[in-house]
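Containing mmCIF, C-alpha atoms: query.cif.
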```cif
data_run
loop_
_atom_site.label_atom_id
_atom_site.label_comp_id
_atom_site.auth_asym_id
_atom_site.auth_seq_id
_atom_site.Cartn_x
_atom_site.Cartn_y
_atom_site.Cartn_z
CA MET A 49 19.18 -16.71 8.49
CA ALA A 50 17.63 -17.95 11.71
CA ALA A 51 15.39 -15.78 13.86
CA GLY A 52 17.28 -14.24 16.72
CA SER A 53 20.58 -13.88 14.82
CA GLY A 54 20.25 -10.12 14.57
CA GLY A 55 19.25 -9.71 10.92
CA LEU A 56 15.98 -9.44 9.01
CA LYS A 57 17.03 -10.88 5.65
CA ASP A 58 14.87 -13.98 5.03
CA ALA A 59 14.55 -14.52 8.80
CA THR A 60 10.75 -14.43 8.71
CA ALA A 61 7.97 -15.34 6.33
CA LEU A 62 4.36 -14.50 5.56
CA VAL A 63 2.43 -17.73 5.95
CA GLY A 64 -1.22 -16.69 6.05
CA ILE A 65 -3.44 -14.06 4.45
CA GLY A 66 -7.11 -13.28 4.92
CA GLN A 67 -9.64 -10.68 3.92
CA THR A 68 -13.32 -9.86 3.93
CA PRO A 69 -15.30 -9.00 0.81
CA PHE A 70 -14.83 -5.41 -0.39
CA ALA A 71 -17.76 -3.08 -1.02
CA LYS A 72 -18.82 0.54 -0.93
CA ARG A 73 -20.92 -0.33 2.09
CA LEU A 74 -20.72 -3.40 4.36
CA PRO A 75 -23.15 -3.93 7.25
CA GLU A 76 -20.61 -5.17 9.82
CA ASP A 77 -18.67 -2.81 12.08
CA GLU A 78 -14.89 -2.44 11.77
CA ARG A 79 -14.10 -4.73 14.71
CA THR A 80 -16.18 -7.55 13.25
CA LEU A 81 -14.51 -7.12 9.88
CA ALA A 82 -11.08 -7.12 11.57
CA CYS A 83 -11.82 -10.37 13.41
CA ARG A 84 -13.02 -12.07 10.26
CA ALA A 85 -9.91 -11.11 8.29
CA VAL A 86 -7.55 -12.12 11.12
CA LEU A 87 -9.20 -15.49 11.72
CA ALA A 88 -9.18 -16.17 7.97
CA ALA A 89 -5.45 -15.41 7.82
CA LEU A 90 -4.72 -17.72 10.77
CA ASP A 91 -6.78 -20.48 9.20
CA ASP A 92 -4.89 -19.98 5.94
CA ALA A 93 -1.65 -20.48 7.87
CA GLY A 94 -2.95 -23.40 9.91
CA ILE A 95 -2.15 -21.61 13.18
CA ALA A 96 -4.49 -21.50 16.18
CA PRO A 97 -5.49 -18.04 17.51
CA GLY A 98 -4.10 -18.92 20.93
CA GLU A 99 -0.59 -19.01 19.48
CA VAL A 100 -0.61 -15.35 18.42
CA ASP A 101 1.68 -13.27 20.62
CA ALA A 102 2.37 -10.18 18.46
CA LEU A 103 0.20 -7.59 16.71
CA ALA A 104 0.88 -4.66 14.42
CA SER A 105 -1.46 -2.20 12.79
CA TYR A 106 -1.92 1.48 11.93
CA THR A 107 -2.41 4.42 14.29
CA MET A 108 -5.56 5.14 12.27
CA GLU A 109 -6.95 1.66 13.05
CA GLU A 110 -10.11 1.92 15.16
CA THR A 111 -9.95 -1.69 16.44
CA ASP A 112 -7.39 -1.81 19.23
CA GLU A 113 -5.22 -4.71 20.35
CA VAL A 114 -7.20 -5.41 23.51
CA GLU A 115 -10.50 -5.79 21.70
CA LEU A 116 -9.04 -7.87 18.88
CA ALA A 117 -7.14 -10.15 21.27
CA LYS A 118 -10.24 -10.83 23.37
CA ALA A 119 -12.56 -11.35 20.42
CA CYS A 120 -10.21 -13.69 18.54
CA GLY A 121 -8.96 -15.64 21.58
CA PHE A 122 -5.27 -14.78 21.48
CA GLY A 123 -2.85 -15.84 24.21
CA ASP A 124 -0.45 -13.51 26.05
CA LEU A 125 0.85 -10.77 23.78
CA THR A 126 4.55 -9.95 24.08
CA PHE A 127 4.79 -7.38 21.28
CA PHE A 128 2.38 -4.86 19.76
CA SER A 129 2.92 -1.73 17.71
CA LYS A 130 1.11 0.82 15.58
CA VAL A 131 2.50 2.73 12.63
CA GLY A 132 1.49 6.26 11.71
CA PHE A 133 0.92 8.20 8.52
CA GLY A 134 -2.00 6.31 7.02
CA GLY A 135 -1.10 4.33 3.93
CA GLY A 136 2.59 4.95 4.55
CA GLY A 137 2.41 2.42 7.36
CA SER A 138 1.16 -0.63 5.48
CA CYS A 139 4.43 -2.45 4.83
CA ALA A 140 5.85 -1.25 8.14
CA THR A 141 3.31 -3.33 10.07
CA VAL A 142 4.87 -6.46 8.58
CA ALA A 143 8.38 -5.06 9.09
CA HIS A 144 7.71 -4.45 12.79
CA LEU A 145 6.49 -8.02 13.26
CA ALA A 146 9.47 -9.38 11.33
CA ALA A 147 11.87 -7.42 13.53
CA ALA A 148 10.18 -8.58 16.73
CA ILE A 149 10.21 -12.21 15.66
CA ALA A 150 13.80 -12.07 14.41
CA ALA A 151 14.81 -10.55 17.76
CA GLY A 152 13.04 -13.27 19.72
CA GLN A 153 10.38 -10.98 21.19
CA ALA A 154 7.51 -12.97 19.67
CA SER A 155 6.81 -16.06 17.58
CA VAL A 156 3.49 -15.54 15.74
CA GLY A 157 2.58 -12.06 14.54
CA VAL A 158 -0.58 -10.72 12.94
CA ALA A 159 -0.86 -7.45 11.05
CA TRP A 160 -4.24 -6.13 9.97
CA ARG A 161 -6.25 -3.18 8.67
CA SER A 162 -10.01 -2.83 9.01
CA ARG A 163 -11.69 0.17 7.49
CA LYS A 164 -15.12 1.52 6.61
CA ARG A 165 -13.98 4.31 4.34
CA GLY A 166 -16.72 3.68 1.78
CA SER A 167 -19.59 4.18 4.21
CA GLY A 168 -17.73 6.07 6.94
CA PRO A 169 -16.56 9.67 7.40
CA ARG A 170 -13.68 11.31 5.53
CA PRO A 171 -10.70 11.99 7.86
CA TRP A 172 -10.08 15.49 6.50
CA THR A 173 -13.60 16.68 7.46
CA ASN A 174 -12.57 16.90 11.13
CA THR A 175 -11.08 20.38 11.32
CA THR A 176 -9.91 19.89 14.90
CA VAL A 177 -7.23 17.50 13.65
CA GLN A 178 -6.63 19.19 10.32
CA LEU A 179 -5.21 22.50 11.51
CA PRO A 180 -1.96 21.77 13.34
CA THR A 181 1.13 23.73 12.37
CA PRO A 182 1.95 23.83 9.45
CA ALA A 183 -1.44 22.77 8.02
CA GLN A 184 -3.01 25.92 9.45
CA TRP A 185 -1.20 27.84 6.71
CA THR A 186 -2.49 25.67 3.85
CA ARG A 187 -5.94 24.28 4.70
CA PRO A 188 -7.69 27.68 4.74
CA TYR A 189 -6.37 28.39 1.25
CA GLY A 190 -7.69 25.30 -0.50
CA LEU A 191 -5.39 22.35 0.19
CA LEU A 192 -8.14 20.53 2.05
CA ARG A 193 -7.83 16.92 0.89
CA PRO A 194 -4.98 14.59 0.00
CA ALA A 195 -6.18 14.83 -3.61
CA ASP A 196 -5.59 18.60 -3.58
CA GLU A 197 -2.07 18.24 -2.23
CA ILE A 198 -1.10 15.49 -4.66
CA ALA A 199 -2.66 17.48 -7.51
CA MET A 200 -0.24 20.32 -6.84
CA LEU A 201 2.72 17.91 -6.76
CA THR A 202 1.46 16.32 -9.98
CA ARG A 203 1.21 19.66 -11.76
CA ARG A 204 4.86 20.31 -10.97
CA TYR A 205 5.87 16.85 -12.15
CA LEU A 206 4.02 17.23 -15.46
CA HIS A 207 5.58 20.65 -15.98
CA GLU A 208 9.15 19.69 -15.15
CA TYR A 209 9.35 16.37 -16.99
CA GLY A 210 6.86 16.63 -19.84
CA ALA A 211 4.74 13.76 -18.57
CA THR A 212 1.12 13.78 -19.73
CA ARG A 213 -2.30 12.60 -18.68
CA ASP A 214 -1.79 9.65 -21.03
CA HIS A 215 0.95 8.44 -18.69
CA LEU A 216 -1.40 8.70 -15.72
CA PHE A 217 -4.01 6.83 -17.76
CA ASN A 218 -1.51 4.01 -18.37
CA VAL A 219 -1.35 3.48 -14.60
CA ALA A 220 -5.12 3.59 -14.15
CA LEU A 221 -5.64 1.23 -17.07
CA ALA A 222 -3.14 -1.37 -15.86
CA CYS A 223 -4.81 -1.48 -12.45
CA ARG A 224 -8.29 -1.69 -13.98
CA ASN A 225 -7.28 -4.44 -16.41
CA ARG A 226 -6.01 -6.55 -13.53
CA ALA A 227 -9.16 -5.85 -11.50
CA ASN A 228 -11.18 -7.08 -14.47
CA GLN A 229 -9.49 -10.46 -13.89
CA ASN A 230 -10.14 -10.46 -10.13
CA PRO A 231 -13.66 -11.49 -9.04
CA GLY A 232 -12.99 -10.00 -5.60
CA ALA A 233 -12.27 -6.53 -6.98
CA ILE A 234 -14.86 -3.79 -6.81
CA MET A 235 -14.17 -2.96 -10.48
CA TYR A 236 -14.23 -6.59 -11.61
CA GLU A 237 -16.80 -6.18 -14.40
CA ARG A 238 -16.19 -2.52 -15.17
CA PRO A 239 -13.63 -1.98 -17.97
CA LEU A 240 -11.92 1.39 -18.41
CA THR A 241 -11.28 3.10 -21.75
CA ARG A 242 -9.16 6.10 -22.65
CA GLU A 243 -12.29 8.03 -23.62
CA MET A 244 -13.87 7.33 -20.22
CA TYR A 245 -10.70 8.52 -18.53
CA MET A 246 -10.21 11.67 -20.57
CA THR A 247 -13.82 12.81 -20.27
CA SER A 248 -14.34 12.02 -16.58
CA ARG A 249 -14.90 14.79 -14.06
CA TRP A 250 -12.07 16.53 -12.27
CA ILE A 251 -11.52 15.73 -8.61
CA SER A 252 -8.65 18.17 -8.24
CA GLU A 253 -7.13 19.23 -11.56
CA PRO A 254 -5.03 17.66 -13.10
CA LEU A 255 -6.38 14.58 -11.25
CA CYS A 256 -9.61 13.20 -12.66
CA LEU A 257 -11.98 10.64 -11.19
CA PHE A 258 -9.90 7.68 -12.37
CA ASP A 259 -6.66 9.07 -10.93
CA ASN A 260 -8.12 8.64 -7.44
CA CYS A 261 -8.43 5.48 -5.39
CA LEU A 262 -11.70 3.86 -4.42
CA GLU A 263 -13.61 4.44 -1.19
CA THR A 264 -13.96 1.00 0.36
CA ASP A 265 -15.29 -0.95 3.33
CA GLY A 266 -13.27 -4.07 4.13
CA ALA A 267 -10.51 -5.67 6.18
CA LEU A 268 -7.35 -7.66 5.54
CA ALA A 269 -4.75 -9.45 7.64
CA CYS A 270 -1.55 -11.47 7.34
CA VAL A 271 0.47 -13.78 9.58
CA VAL A 272 4.25 -13.59 10.10
CA VAL A 273 6.42 -16.30 11.69
CA SER A 274 10.09 -17.27 11.70
CA ALA A 275 11.51 -18.89 8.59
CA GLU A 276 12.02 -22.07 10.60
CA ARG A 277 8.40 -22.17 11.75
CA ALA A 278 7.19 -21.32 8.25
CA ARG A 279 8.37 -24.66 6.91
CA ASP A 280 5.72 -26.40 8.99
CA CYS A 281 2.81 -24.13 8.06
CA ARG A 282 -0.07 -24.98 5.76
CA ARG A 283 0.91 -22.74 2.84
CA ARG A 284 4.05 -22.10 0.86
CA PRO A 285 6.04 -19.45 2.78
CA VAL A 286 6.78 -16.04 1.31
CA TYR A 287 9.98 -14.68 2.85
CA VAL A 288 10.52 -11.10 4.00
CA HIS A 289 13.84 -10.59 2.26
CA SER A 290 14.21 -6.88 3.05
CA ALA A 291 12.15 -4.15 4.70
CA ALA A 292 12.43 -0.40 5.06
CA GLN A 293 10.80 2.66 6.58
CA SER A 294 11.60 6.25 5.67
CA LEU A 295 10.90 9.73 6.92
CA PRO A 296 13.37 11.81 4.87
CA ALA A 297 15.02 14.98 6.12
CA GLN A 298 12.86 18.12 6.03
CA HIS A 299 9.86 16.12 4.87
CA HIS A 300 6.36 17.58 4.84
CA GLY A 301 3.52 15.17 4.11
CA MET A 302 2.10 14.97 0.61
CA VAL A 303 3.58 18.19 -0.76
CA ASN A 304 7.20 18.02 0.47
CA TYR A 305 7.43 21.83 0.64
CA TRP A 306 10.73 22.09 2.46
CA ASN A 307 12.73 19.36 0.82
CA ASP A 308 15.48 20.47 -1.50
CA ASP A 309 13.44 18.75 -4.22
CA PRO A 310 9.72 18.08 -3.66
CA LEU A 311 9.73 15.42 -6.39
CA THR A 312 12.32 13.33 -4.54
CA GLY A 313 9.99 11.94 -1.91
CA PRO A 314 10.13 9.26 0.79
CA ALA A 315 10.36 6.45 -1.79
CA TRP A 316 13.92 7.48 -2.59
CA SER A 317 15.24 7.16 0.95
CA ALA A 318 13.18 4.02 1.63
CA ALA A 319 14.63 2.46 -1.52
CA ARG A 320 18.21 3.16 -0.49
CA HIS A 321 17.68 1.26 2.76
CA LEU A 322 15.67 -1.52 1.11
CA TRP A 323 18.29 -2.32 -1.54
CA LYS A 324 21.22 -1.83 0.85
CA HIS A 325 19.96 -4.72 2.98
CA SER A 326 19.02 -6.94 0.05
CA ASP A 327 20.82 -9.45 -2.15
CA LEU A 328 18.57 -8.31 -5.00
CA ALA A 329 18.25 -5.25 -7.25
CA PRO A 330 15.36 -3.59 -9.12
CA GLU A 331 16.06 -5.67 -12.22
CA ASP A 332 15.39 -8.83 -10.17
CA VAL A 333 11.80 -7.81 -9.36
CA ASP A 334 9.25 -9.90 -11.29
CA VAL A 335 6.10 -8.08 -10.17
CA ALA A 336 5.37 -4.96 -8.14
CA GLN A 337 2.54 -3.87 -5.89
CA ILE A 338 3.05 -0.10 -5.81
CA TYR A 339 0.86 2.08 -3.61
CA ASP A 340 -1.67 3.79 -5.85
CA ALA A 341 -3.93 6.08 -3.86
CA PHE A 342 -3.32 8.42 -6.82
CA THR A 343 -1.89 7.53 -10.24
CA PRO A 344 1.06 9.99 -10.08
CA LEU A 345 2.37 8.31 -6.95
CA VAL A 346 3.21 5.30 -9.11
CA LEU A 347 5.37 7.42 -11.43
CA LEU A 348 7.23 8.86 -8.44
CA SER A 349 7.69 5.38 -6.96
CA LEU A 350 8.95 3.85 -10.20
CA GLU A 351 11.75 6.43 -10.09
CA GLY A 352 12.35 6.28 -6.35
CA TYR A 353 12.72 2.49 -6.24
CA GLY A 354 15.08 2.48 -9.20
CA PHE A 355 13.08 1.05 -12.09
CA CYS A 356 13.85 4.08 -14.24
CA GLY A 357 15.74 7.36 -14.08
CA ARG A 358 14.72 10.68 -12.64
CA GLY A 359 11.83 12.16 -14.63
CA GLU A 360 11.38 8.95 -16.63
CA GLY A 361 8.40 7.54 -14.72
CA GLY A 362 5.90 8.66 -17.33
CA ALA A 363 7.83 7.24 -20.27
CA PHE A 364 8.35 3.98 -18.37
CA THR A 365 4.59 3.32 -18.46
CA GLU A 366 4.43 3.36 -22.26
CA GLY A 367 4.07 0.31 -24.47
CA GLY A 368 2.18 -1.79 -21.93
CA ALA A 369 5.11 -1.87 -19.49
CA LEU A 370 2.80 -2.16 -16.48
CA GLU A 371 0.58 -4.85 -17.98
CA THR A 372 0.98 -8.61 -17.65
CA GLY A 373 3.92 -9.53 -19.84
CA GLY A 374 5.34 -6.00 -19.66
CA LEU A 375 8.56 -4.73 -18.10
CA LEU A 376 7.01 -4.54 -14.62
CA PRO A 377 3.54 -6.05 -14.10
CA LEU A 378 1.81 -3.77 -11.62
CA ASN A 379 -0.85 -4.12 -8.91
CA THR A 380 -2.05 -7.45 -10.18
CA GLY A 381 -5.13 -7.57 -7.96
CA GLY A 382 -6.27 -4.14 -9.15
CA GLY A 383 -4.64 -2.04 -6.43
CA GLY A 384 -6.24 0.83 -4.56
CA LEU A 385 -7.48 2.28 -7.83
CA SER A 386 -9.58 -0.70 -8.90
CA GLU A 387 -9.60 -3.57 -6.35
CA ALA A 388 -10.13 -1.79 -3.02
CA TYR A 389 -8.60 1.00 -1.01
CA VAL A 390 -7.80 -0.26 2.47
CA HIS A 391 -4.69 1.83 3.12
CA GLY A 392 -2.59 -0.41 0.88
CA PHE A 393 -2.93 -3.66 2.81
CA ASN A 394 -4.41 -5.43 -0.21
CA LEU A 395 -1.08 -4.89 -1.97
CA ILE A 396 0.65 -7.00 0.69
CA ASN A 397 -1.81 -9.85 0.33
CA GLU A 398 -1.57 -9.73 -3.45
CA GLY A 399 2.21 -9.90 -3.21
CA VAL A 400 1.84 -13.11 -1.22
CA ARG A 401 -0.57 -14.56 -3.78
CA GLN A 402 1.84 -13.80 -6.63
CA LEU A 403 4.70 -15.62 -4.93
CA ARG A 404 2.44 -18.52 -4.04
CA GLY A 405 1.34 -18.71 -7.67
CA THR A 406 -2.34 -18.14 -6.86
CA SER A 407 -3.06 -14.64 -8.19
CA THR A 408 -5.97 -14.08 -10.55
CA ALA A 409 -3.44 -12.32 -12.82
CA GLN A 410 -0.48 -14.56 -12.15
CA VAL A 411 2.92 -13.54 -13.48
CA PRO A 412 4.51 -16.81 -14.66
CA GLY A 413 7.42 -17.87 -12.49
CA ALA A 414 7.26 -14.82 -10.21
CA SER A 415 9.73 -15.24 -7.35
CA VAL A 416 10.46 -11.62 -6.26
CA CYS A 417 7.82 -8.99 -5.48
CA LEU A 418 8.22 -5.40 -4.34
CA VAL A 419 5.42 -4.01 -2.18
CA THR A 420 5.37 -0.31 -1.33
CA ALA A 421 3.40 1.88 1.03
CA GLY A 422 2.20 5.43 0.41
CA GLU A 423 4.56 7.72 -1.45
CA GLY A 424 4.30 11.37 -0.41
CA VAL A 425 4.12 10.53 3.29
CA PRO A 426 6.54 8.80 5.69
CA THR A 427 6.59 5.42 4.02
CA SER A 428 7.68 1.77 4.11
CA ALA A 429 8.39 -1.07 1.71
CA LEU A 430 8.88 -4.82 1.57
CA LEU A 431 10.88 -6.99 -0.76
CA LEU A 432 9.33 -10.45 -0.75
CA ARG A 433 10.71 -13.63 -2.28
CA SER A 434 9.48 -17.19 -2.64
#
```
Structure encoded using structure tokens:
Amino acid sequence: MAAGSGGLKDATALVGIGQTPFAKRLPEDERTLACRAVLAALDDAGIAPGEVDALASYTMEETDEVELAKACGFGDLTFFSKVGFGGGGSCATVAHLAAAIAAGQASVGVAWRSRKRGSGPRPWTNTTVQLPTPAQWTRPYGLLRPADEIAMLTRRYLHEYGATRDHLFNVALACRNRANQNPGAIMYERPLTREMYMTSRWISEPLCLFDNCLETDGALACVVVSAERARDCRRRPVYVHSAAQSLPAQHHGMVNYWNDDPLTGPAWSAARHLWKHSDLAPEDVDVAQIYDAFTPLVLLSLEGYGFCGRGEGGAFTEGGALETGGLLPLNTGGGGLSEAYVHGFNLINEGVRQLRGTSTAQVPGASVCLVTAGEGVPTSALLLRS
């Protein structure tokens, strides 16, 4: 489908990816890291900075469009957007660029995320932004951090469906095993065992240390162009086959208090839109990059995106299903749990590597990859194909 014809299906492609090293502490500031990732992505695509005319990032991004455009030498920008809700916005940045390019509003788009979460402050420590209605009724009583909110949701999930900590461990282990294959991952040379997992300290019970994502400094970026333009770029194009955003009715971030069912989160409504506008189905997905700020989010997403039935997310992880060669190889770069946590953007780049055939944990013959953003918050997703 050509750009400008009114549809998103395969109208655009990811043609360049870039990133900085990941670490607990990097010396450069966030703007410098952003510029390095963006210029690396443009070089990967073989596109000059002066051709960029569209940008998309997160509302939580500290580097704004003006500063990035000046520092990197972009031309006139004709489209720029920011997506809210932290990690829920990762895939949406690409979706916004794809929509703008398909509609003829731009021709070369760059999405990015630069973050110093490892060495920087924690967002929830700023009480002036943490006590809006309705948070004023929960923060004073102990739900201070995302980990606390997800822990409560997890407790309900374990109770209702009989899932166990072994199922959460299966998620953590799959991500760590893939990170052990990825020299760029923070946990590259640090294997995880069941004993380590089961005896680690609680962060917010029932979530232990290894159920929580890393705290990382780093930046990533990707380049989006029309499918027609992609044929002339340096790398093999990865097409945006379908994209979705979702803020379901009566949603409340993380805990979903007022939904009819708190365990049917944003992934379910995002998935309905994603598959509706796709020629593919869950059984066609060769590899998945599922947002993993916390291990239980993967179980919820497996159900929401249709890989298993309601309440079956835990059982789905058994028997090595998430490992290479399993039913659904997961987070093949290590994910937020074991590669780096940069609000999920590394999952997008890893999806591109899988479909290019260049991943450090390559799934043989992978041609369809699902990438998801944060479950538990207003979210987004991409279905990519080679």
Considering all atoms listed in the file, can you say which of A:Val303, A:Val416, A:Thr202, A:Thr427 comes closest to Thr186 in chain A?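 Closest to Thr186 in chain A, using all atoms listed in the file: A:Val303.
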Can you list, as a list in words, every protein, DNA or RNA residue that comes within 9 Å of Ser155 in chain A when you count only C-alpha atoms, leaving out same-chain residues fewer than 5 positions away?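 The neighbour list is Glu99, Val100, Asp101, Ala102, Ala148, Ile149, Ala150, Val272, Val273, Ser274 and Arg277 of chain A.
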Selection under test: the PyMOL selection byres ((chain A and resi 98) around 10); residues as a list in words: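 Selected by the PyMOL selection byres ((chain A and resi 98) around 10) in this file: Ile95, Ala96, Pro97, Glu99, Val100, Asp101, Ala117, Cys120, Gly121, Phe122, Gly123, Asp124, Leu125 and Val156 of chain A.
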Determine the residue membership of the PyMOL selection byres ((chain A and resi 362) around 7) for the file above and supply it as a VMD selection string. chain A and resid 211 215 347 360 to 361 363 to 365
Please produce an output containing C-alpha atoms for each residue in the selection, written as a short mmCIF file (atom, residue, chain, number, x, y, z; two decimals), keeping the file's coordinate frame.
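File again_16.cif, as written:
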```cif
data_model
loop_
_atom_site.label_atom_id
_atom_site.label_comp_id
_atom_site.auth_asym_id
_atom_site.auth_seq_id
_atom_site.Cartn_x
_atom_site.Cartn_y
_atom_site.Cartn_z
CA ALA A 211 4.74 13.76 -18.57
CA HIS A 215 0.95 8.44 -18.69
CA LEU A 347 5.37 7.42 -11.43
CA GLU A 360 11.38 8.95 -16.63
CA GLY A 361 8.40 7.54 -14.72
CA ALA A 363 7.83 7.24 -20.27
CA PHE A 364 8.35 3.98 -18.37
CA THR A 365 4.59 3.32 -18.46
#
```
Taken to one decimal, the CA of Arg84 in chain A-CA of Ala275 in chain A distance is 25.5 Å
Write out, as a Markdown table, each residue of range 343-386 of chain A that has an atom at most 8 Å from range 238-259 of chain A, together with the closest pair of atoms and their distance in Å to one decimal, counting all atoms listed in the file, rows going by chain and rising number.
```
| residue | atom | partner | partner_atom | distance |
| --- | --- | --- | --- | --- |
| A:Thr343 | CA | A:Asp259 | CA | 5.1 |
| A:Pro344 | CA | A:Asp259 | CA | 7.8 |
| A:Leu385 | CA | A:Phe258 | CA | 7.5 |
```
Could you list, as JSON, numbers by chain, every residue within 8 Å of range 65-76 of chain A, counting all atoms listed in the file and ignoring same-chain residues fewer than 3 positions away? {"A": [62, 80, 81, 84, 85, 86, 87, 88, 89, 90, 92, 93, 164, 166, 167, 232, 233, 234, 263, 264, 265, 266, 267, 268, 269, 270, 271, 388, 397, 400]}
Determine the nearest neighbour of Ala195 in chain A from the options A:Thr380, A:Ala104, A:Cys261, A:Arg279, counting all atoms listed in the file.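 Of all the options, A:Cys261 lies closest to Ala195 in chain A.
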In Å and to one decimal, CA of Thr60 in chain A is distant from CA of Cys281 in chain A by 12.6 Å
Expand the PyMOL selection byres ((chain A and resi 289) around 10) into the explicit residue set it covers here, and present it as a tab-separated table (two decimals) with C-alpha atoms, in the frame of the given file.
```
chain	number	residue	atom	x	y	z
A	56	LEU	CA	15.98	-9.44	9.01
A	57	LYS	CA	17.03	-10.88	5.65
A	58	ASP	CA	14.87	-13.98	5.03
A	59	ALA	CA	14.55	-14.52	8.80
A	60	THR	CA	10.75	-14.43	8.71
A	61	ALA	CA	7.97	-15.34	6.33
A	286	VAL	CA	6.78	-16.04	1.31
A	287	TYR	CA	9.98	-14.68	2.85
A	288	VAL	CA	10.52	-11.10	4.00
A	290	SER	CA	14.21	-6.88	3.05
A	291	ALA	CA	12.15	-4.15	4.70
A	322	LEU	CA	15.67	-1.52	1.11
A	325	HIS	CA	19.96	-4.72	2.98
A	326	SER	CA	19.02	-6.94	0.05
A	327	ASP	CA	20.82	-9.45	-2.15
A	328	LEU	CA	18.57	-8.31	-5.00
A	416	VAL	CA	10.46	-11.62	-6.26
A	417	CYS	CA	7.82	-8.99	-5.48
A	430	LEU	CA	8.88	-4.82	1.57
A	431	LEU	CA	10.88	-6.99	-0.76
A	432	LEU	CA	9.33	-10.45	-0.75
A	433	ARG	CA	10.71	-13.63	-2.28
A	434	SER	CA	9.48	-17.19	-2.64
```
Considering all atoms listed in the file, return as a tab-separated table (two decimals) with C-alpha atoms, in the coordinates of the input whatever protein or nucleic-acid residues lie within 8 Å of Gln229 in chain A, sequence-local ones (same chain, fewer than 2 positions apart) excluded.
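Writing the result to out-v5.tsv gives the following:
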```tsv
chain	number	residue	atom	x	y	z
A	225	ASN	CA	-7.28	-4.44	-16.41
A	226	ARG	CA	-6.01	-6.55	-13.53
A	227	ALA	CA	-9.16	-5.85	-11.50
A	231	PRO	CA	-13.66	-11.49	-9.04
A	236	TYR	CA	-14.23	-6.59	-11.61
A	381	GLY	CA	-5.13	-7.57	-7.96
A	408	THR	CA	-5.97	-14.08	-10.55
A	409	ALA	CA	-3.44	-12.32	-12.82
```
Pick the closest to Ala199 in chain A from A:Leu345, A:Val411, A:Gly137, A:Ala369: which is it, counting all atoms listed in the file?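 Once distances to Ala199 in chain A are computed over all atoms listed in the file, the minimum belongs to A:Leu345.
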